[in-house]
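The block underneath contains the structure these notes are about, expressed in structure tokens.
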Amino acid sequence: MFVKVCGVLLLLFRLQCCVRGQTGVPEQINRGFVNVGVPGQDGSNVVSISEHETSGDIPVFLTLSQSGNATQDVTVICSLQTGQPGDSEVQFDNITITAGGTDTGTATFSVVSAGRQVVVECVGRSAAPGAETNTTEFLPQTSAGLTGLLQVRKGPVAGFCSSLVLVPNRAGVTQATVQVQLSEAVVDNQVTVTCTSIGATADSIQLTFNPLTLEVNSTSGDVTYSFTNPTGSPVSATCTAQSGGGGNQYLTATSTGDESTLALDEGSVQFVPDTARTTAQSVGAFLVLDAPVQADTVTFTCALQEAEDSDEAQILAANPTCVPVSNLVPTAAAATPSTVPDSPLTNLSIAGNWQLGAVELLFGTNDIFKPLDVWLLSQTYTSPVQELLLVTCCAPQSSNTDPKYQGRSAAFVFSSNVATNITANLTNAEVVGTPLVERVIPNPAYVEAGPCPCDLWENQCDMECCCDTECTQDDLDIFTSCIQGAFGGNQTKELAQYCSFSGGPQEDWDRLLCVERDNSPYLGLFYDNPSAIRTETAFRTTYEANAPQYSYDETERRETVETDSSLAYRYGLATQVLYTDANGETQQGFLSFPQQTLSGQCLYRGIVRHFVTSNATCTQTLDASLCTEGSVLDAREYLLPSPATHPPCPTPPQVLSQHGGVTTVPTTVEYFCLTDPSVYVRSTTTVDDVYVFNQTSLFSDNVASAMRRCAFDDGFTFPPTPLLNATTDTCSNVVLDVRYVLSWRGTELTGVAAFVILGDIAMETVAPDNNSMVLAQKFGVEFSYDSLNATAEDATEIVDRSGNPGYDVGKVLLTGTLSLTNDSVENIGSSGLQVWSPGADGLCTSASRTAVTFREDTISGCTVRLAWDNFQDCATLRAEVRAQQEALVTAEFVSRGGNPNSTLITDWVPVINNDTADPTEAPTVAGLEPDVVDQLQGLCQDIPAALNLEILYADVGKENEFLIQEVVGARVSFSSTLWQLQCSGALAAACFGNSSALVDLGNTSTIADLISGVVQSFYITSSVTFTRVPALTPTPVKRYYANDTNVCRRNACWEELFYPVSMAFAGGDFQLYQHNLGSGLVLALFIIAVFVITRPWW
């Protein structure tokens, strides 16, 4: 017995050693953990320091799996979980926490570079490597505890708020101010801001900036600068800041802001409108300046010219007459054109049949516009006036002391089409009647207002109108008949149906069935004859007596978007933002985002509405003019991170947490840089051009694998604006995809997360109308329940339901995968079962995927274009197709209903996939070896080109007369096919592997290139089939009956005589069985008694 026990112990020891040798970690009795933060916190400790602080520290504390403090000295080793460009980088120092203390410490680090927030993880070691035992409390492999967050912030900067600063352009002004903004408010010590010009030359504007000192809590200030040579070329300038008193908040080396360009403020002027078309005898426009006049006056000389066509009008507009009026008017001449018809001034104001209302426009201080009219010379003309004229206004240099507008001009073009006047001589007109005497209309209730309805013409006899008093006897004699009806001359014929009919014989019953007609003396209601209105008092009296009881006047304020005074976001309400306008004042606005209209066009200023998700694809021509700041390709035109301070201005708009409130929510934006943006570029050419005969096309690359966080994305820096490389015609930093996720809880918003994908796009040099490629930008908005910030009762994972109970038709199937503990389902969503969704060109490179919806059978697919080279390695081709098809079905389980419980495995059915064949193995064909099959030229067998998904569902009940339908089974299978190049027809050249197979036509290299490039199309498909089955497995139907000799004869089964008192008759109910047995015995006793008493055998 002792020997057996020793053997068992030895076996267990060896097993333990074997396990330890495999993992390298002994089984710890009391396992220790190193946590980031302080005791009592949840581990979400966040440390944030500036890059100017060369070092810092982060608190850590120890815990044990068993209660108590650490009994061994622990060396704490901390590290960052990072790996992408733009993350914060620090170098940690190892520290030692001695046993018997408070089990807390501080891990120190030195700053390497600023960047995004990263996770800090710390582990401990309480034994030297190789000396670990099961009593060792802290091991690097097992001691990682709660993590923390660390971020090294960029140093604050100083800069101008505008990328373009205008230098004043006024006589005698050589000094001005410009605002400088700080990215952080000044703390502790004063900050001195110094601005300098960059790259100034002798021909550029010469700038000299005065230093600016900002006190504590300041965020902005005005820097004074002086300038010379204002007409020189623009020059760039930057600002730096330095903290005084030994402070390190602002350092000159790291506080340089973005460059701004300082240029002379050259004024501009324009006509509003600049073109017009008139049919009247006058036309007008406004001459508008770009800004109000600051000092002195500005004088514009205007001229009117006639042009033959629009081309000549453009030439005249580019070369206006720009001389002062005083040089044109003779000194002895009068001031009106009528007295000096041949003066140069008249030549400026008159052209064709038109004359300017003013030749000189004078702008005073604070004036910004002046009206200008053009009139016809004469009010009478015999032919239509059809002319094309041009009005030009220019500010002559000699008559203007303000250099801002000297030489500036504007043009106004109008065409006239004035019809000929129709005149009437009213002087000799004869007055008919008495105009001041009202016409008396007789009351139609007593006087026939229309005694002769057929009298239509005045002072003329109406034909066939016998009652017309203007008809003479001669007229009446030539009438062949009179107009039928009342007052027409003839009486209405009496119908036989009337009871008063007296003509002709009648039946005896006619008097009982005749129609009685009664003409009542009541003639109806008539309007009174209104009196004439000749005074204001009569008008007001009549108006008030007949004033309508309603009005179309708007008494309330018109709103462009619905508002709600309850401060609650409700479905459909516009999402509001808080922003700073050009004057520095805070305003409320609405969050706009590109959206697609019903016609397919994109509305770039569509309003984001609460709980209204949207997805849009907007196409842009690859025109170089779009590669500019402020266009739809600029990432700064969308939501920006809340803490963004580089550059310090403008202040990003912030989303309001309440509708109409003042509290904003944090906005986080993650920028991803895509190395290959080809998936966002589409062709607008025809199908023949899309299917280029020598271009292969298989599957698109994985966008996520080619996408990484942008290096500039540190949470504080604004994204770069689009930049065009004139050499390569490539536009950098182009917005490709933007997604907003708005988190909500209750009737409030709690945060906004944005995801922006940027890339470099090659712009086309052809005209936009002839572009063959377009950029397809994608935009999306969705709302997500904020479970992290919810209360403990509401902190549950939110998944969109597809029905409850059961599934609703058209809702997506919910899928998931088995958790590591094998007792629940995770990764619940709709992306586990998908089918192909082809793009406009039908190629798999542009195809997307769409989720499977309940009870909707679908079949879809896409096309791949393969050449001869693709068939040289069938194993690789087979594996790639299989991988793409399997990517459509990643789920392990499908939910039975639309509202599953992730912790109940019974709410899920497994997805059966029995096709486990290795796609890299060659198929087996009768009579050929497997390797021989793959060596066949131009064909590959067993390509899993078709994915088949079969879903079984059943009716499991009813609720409110609606069927409850659940999924009871799911299976995935692949259908293999043979892909073979067609060796006949126009693309037969694809079947030849080299040029030697063809007749040499004199250029072998050209033929070889042609053969190697010819491609053919093959198809990838996916299908979904829903099949209705019974909820329970039915009893199998017998196909035959056995010849049983015990079958009852002639329907007489003596074996069933006592069936009513058997357990089978009672259905297994013992009490019912006892009741039936007792009743049967009583009945039998009664029958026996009857036989005994009656004795029928006697």
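Every chain in the structure tokens has a letter given in the order shown (A, B, ...), and although residue numbers restart at 1 in each chain, ligands are simply numbered from 1 in the order shown.
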
Check: Can you list, as a PyMOL selection string, every protein, DNA or RNA residue that comes within 10 Å of Gln181 (chain A) when you count only C-alpha atoms, leaving out same-chain residues fewer than 4 positions away?
Finding: chain A and resi 157-161+185+193+218-222+239+257+647-650

Could you save the residues just selected, with C-alpha atoms, as a compact mmCIF listing (two decimals), in the first residue's frame?
# COMPACT_ATOMS: atom_id res chain seq x y z
CA VAL A 157 1.52 77.84 -28.30
CA ALA A 158 0.81 81.42 -29.32
CA GLY A 159 -0.40 82.48 -32.73
CA PHE A 160 -2.59 84.71 -34.85
CA CYS A 161 -6.25 83.78 -35.06
CA ALA A 185 -4.52 80.63 -20.01
CA VAL A 193 4.76 87.15 -26.68
CA SER A 218 -5.00 86.03 -19.86
CA THR A 219 -5.67 84.11 -23.07
CA SER A 220 -5.28 86.78 -25.75
CA GLY A 221 -3.94 90.23 -26.45
CA ASP A 222 -3.24 92.77 -29.20
CA CYS A 239 4.66 84.25 -32.70
CA GLY A 257 2.15 78.84 -33.61
CA PRO A 647 -3.57 76.27 -33.16
CA PRO A 648 -5.21 78.23 -30.32
CA CYS A 649 -8.04 79.48 -32.50
CA PRO A 650 -10.67 79.20 -33.74

Checklist line | Shell around region 400-406 of chain A at 12 Å using only C-alpha atoms, local window under 6 positions removed, as a PyMOL selection string | finding: chain A and resi 166-173+230-231+264-270+288-301+322-324+362-365+393-394

Checklist line | Spatial neighbours of Phe479 (chain A), 9 Å, only C-alpha atoms, chain gap at least 3 places, as a list of chain:residue names | finding: A:Met463, A:Glu464, A:Cys465, A:Cys466, A:Asp475, A:Leu476, A:Cys482

Next item on the list: Would you please work out which residue, of A:Thr645, A:Ser973, A:Asn30, A:Ser310, is nearest to Pro719 (chain A) when using only C-alpha atoms?
Entry: A:Thr645

Note to self: Would you compute the distance between CA of Phe501 (chain A) and CA of Leu513 (chain A)? Give it in Å to one decimal.
What the structure shows: 12.5 Å

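The residue set within 9 Å of region 826-833 of chain A, counting only C-alpha atoms and dropping same-chain residues fewer than 3 places from it, reads Val799, Asp800, Val812, Leu813, Leu814, Thr815, Gly816, Thr817, Leu818, Ser819, Arg849, Thr850, Ala851, Val852, Ala887, Leu888, Val889, Thr890, Ala891, Glu892, Phe893, Val894, Ser902, Thr903 and Leu949 of chain A.
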
Margin query: Show me, as a VMD selection string, the residues that have an atom within 12 Å of Gln1074 (chain A) when counting only C-alpha atoms, minus same-chain residues fewer than 3 positions from it.
Written below: chain A and resid 1060 to 1063 1065 to 1066 1068 to 1071 1077 to 1081

Suppose we keep all heavy atoms; can you now write the selection as a compact mmCIF listing (two decimals), in the first residue's frame?
# COMPACT_ATOMS: atom_id res chain seq x y z
N PRO A 1060 -61.95 0.75 -20.40
CA PRO A 1060 -62.37 1.94 -19.64
C PRO A 1060 -61.86 1.96 -18.21
O PRO A 1060 -61.83 3.03 -17.59
CB PRO A 1060 -63.90 1.88 -19.70
CG PRO A 1060 -64.18 1.11 -20.93
CD PRO A 1060 -63.11 0.09 -21.03
N VAL A 1061 -61.49 0.82 -17.68
CA VAL A 1061 -61.00 0.81 -16.29
C VAL A 1061 -59.49 0.59 -16.24
O VAL A 1061 -58.95 0.22 -15.19
CB VAL A 1061 -61.72 -0.28 -15.47
CG1 VAL A 1061 -63.22 0.02 -15.34
CG2 VAL A 1061 -61.53 -1.64 -16.12
N SER A 1062 -58.81 0.84 -17.37
CA SER A 1062 -57.36 0.66 -17.39
C SER A 1062 -56.65 1.99 -17.13
O SER A 1062 -57.26 3.06 -17.22
CB SER A 1062 -56.92 0.08 -18.74
OG SER A 1062 -57.20 1.01 -19.77
N MET A 1063 -55.39 1.90 -16.80
CA MET A 1063 -54.58 3.10 -16.57
C MET A 1063 -54.40 3.92 -17.85
O MET A 1063 -54.30 5.14 -17.82
CB MET A 1063 -53.22 2.71 -16.01
CG MET A 1063 -52.30 3.87 -15.67
SD MET A 1063 -52.91 4.92 -14.32
CE MET A 1063 -52.56 3.83 -12.93
N PHE A 1065 -56.61 4.39 -20.22
CA PHE A 1065 -57.80 5.20 -20.42
C PHE A 1065 -57.76 6.44 -19.53
O PHE A 1065 -58.24 7.52 -19.91
CB PHE A 1065 -59.05 4.37 -20.13
CG PHE A 1065 -60.33 5.13 -20.35
CD1 PHE A 1065 -60.83 5.31 -21.63
CD2 PHE A 1065 -61.05 5.66 -19.28
CE1 PHE A 1065 -62.00 6.03 -21.83
CE2 PHE A 1065 -62.22 6.37 -19.48
CZ PHE A 1065 -62.70 6.54 -20.77
N ALA A 1066 -57.20 6.31 -18.34
CA ALA A 1066 -57.11 7.44 -17.41
C ALA A 1066 -55.99 8.40 -17.78
O ALA A 1066 -55.83 9.45 -17.14
CB ALA A 1066 -56.92 6.95 -15.97
N GLY A 1068 -52.80 8.07 -17.37
CA GLY A 1068 -51.73 8.12 -16.38
C GLY A 1068 -52.13 8.75 -15.07
O GLY A 1068 -51.32 8.79 -14.14
N ASP A 1069 -53.39 9.23 -14.97
CA ASP A 1069 -53.84 9.87 -13.73
C ASP A 1069 -54.34 8.78 -12.79
O ASP A 1069 -55.36 8.12 -13.05
CB ASP A 1069 -54.95 10.87 -14.05
CG ASP A 1069 -55.31 11.74 -12.84
OD1 ASP A 1069 -54.86 11.41 -11.73
OD2 ASP A 1069 -56.03 12.74 -13.02
N PHE A 1070 -53.65 8.61 -11.67
CA PHE A 1070 -53.99 7.52 -10.76
C PHE A 1070 -55.34 7.74 -10.09
O PHE A 1070 -56.12 6.79 -9.89
CB PHE A 1070 -52.89 7.37 -9.70
CG PHE A 1070 -53.11 6.20 -8.79
CD1 PHE A 1070 -52.92 4.89 -9.25
CD2 PHE A 1070 -53.53 6.38 -7.49
CE1 PHE A 1070 -53.12 3.80 -8.42
CE2 PHE A 1070 -53.74 5.29 -6.65
CZ PHE A 1070 -53.53 4.00 -7.11
N GLN A 1071 -55.66 8.96 -9.73
CA GLN A 1071 -56.96 9.23 -9.10
C GLN A 1071 -58.10 8.96 -10.07
O GLN A 1071 -59.13 8.38 -9.69
CB GLN A 1071 -57.00 10.69 -8.63
CG GLN A 1071 -56.04 10.99 -7.47
CD GLN A 1071 -56.17 12.41 -6.98
OE1 GLN A 1071 -56.86 13.22 -7.60
NE2 GLN A 1071 -55.51 12.72 -5.86
N LEU A 1077 -62.14 2.66 -11.99
CA LEU A 1077 -62.21 1.27 -11.50
C LEU A 1077 -63.36 1.08 -10.53
O LEU A 1077 -64.11 0.09 -10.61
CB LEU A 1077 -60.88 0.91 -10.85
CG LEU A 1077 -60.78 -0.52 -10.29
CD1 LEU A 1077 -60.97 -1.54 -11.43
CD2 LEU A 1077 -59.43 -0.74 -9.61
N GLY A 1078 -63.56 2.04 -9.62
CA GLY A 1078 -64.67 1.93 -8.66
C GLY A 1078 -66.01 1.97 -9.35
O GLY A 1078 -66.93 1.20 -9.03
N SER A 1079 -66.12 2.90 -10.32
CA SER A 1079 -67.38 2.99 -11.06
C SER A 1079 -67.65 1.70 -11.83
O SER A 1079 -68.80 1.23 -11.91
CB SER A 1079 -67.33 4.19 -12.01
OG SER A 1079 -67.11 5.39 -11.33
N GLY A 1080 -66.58 1.13 -12.39
CA GLY A 1080 -66.77 -0.12 -13.14
C GLY A 1080 -67.21 -1.27 -12.23
O GLY A 1080 -68.06 -2.08 -12.62
N LEU A 1081 -66.63 -1.37 -11.03
CA LEU A 1081 -67.02 -2.44 -10.09
C LEU A 1081 -68.46 -2.26 -9.62
O LEU A 1081 -69.21 -3.23 -9.49
CB LEU A 1081 -66.06 -2.46 -8.90
CG LEU A 1081 -64.61 -2.86 -9.22
CD1 LEU A 1081 -63.73 -2.74 -7.99
CD2 LEU A 1081 -64.57 -4.27 -9.78
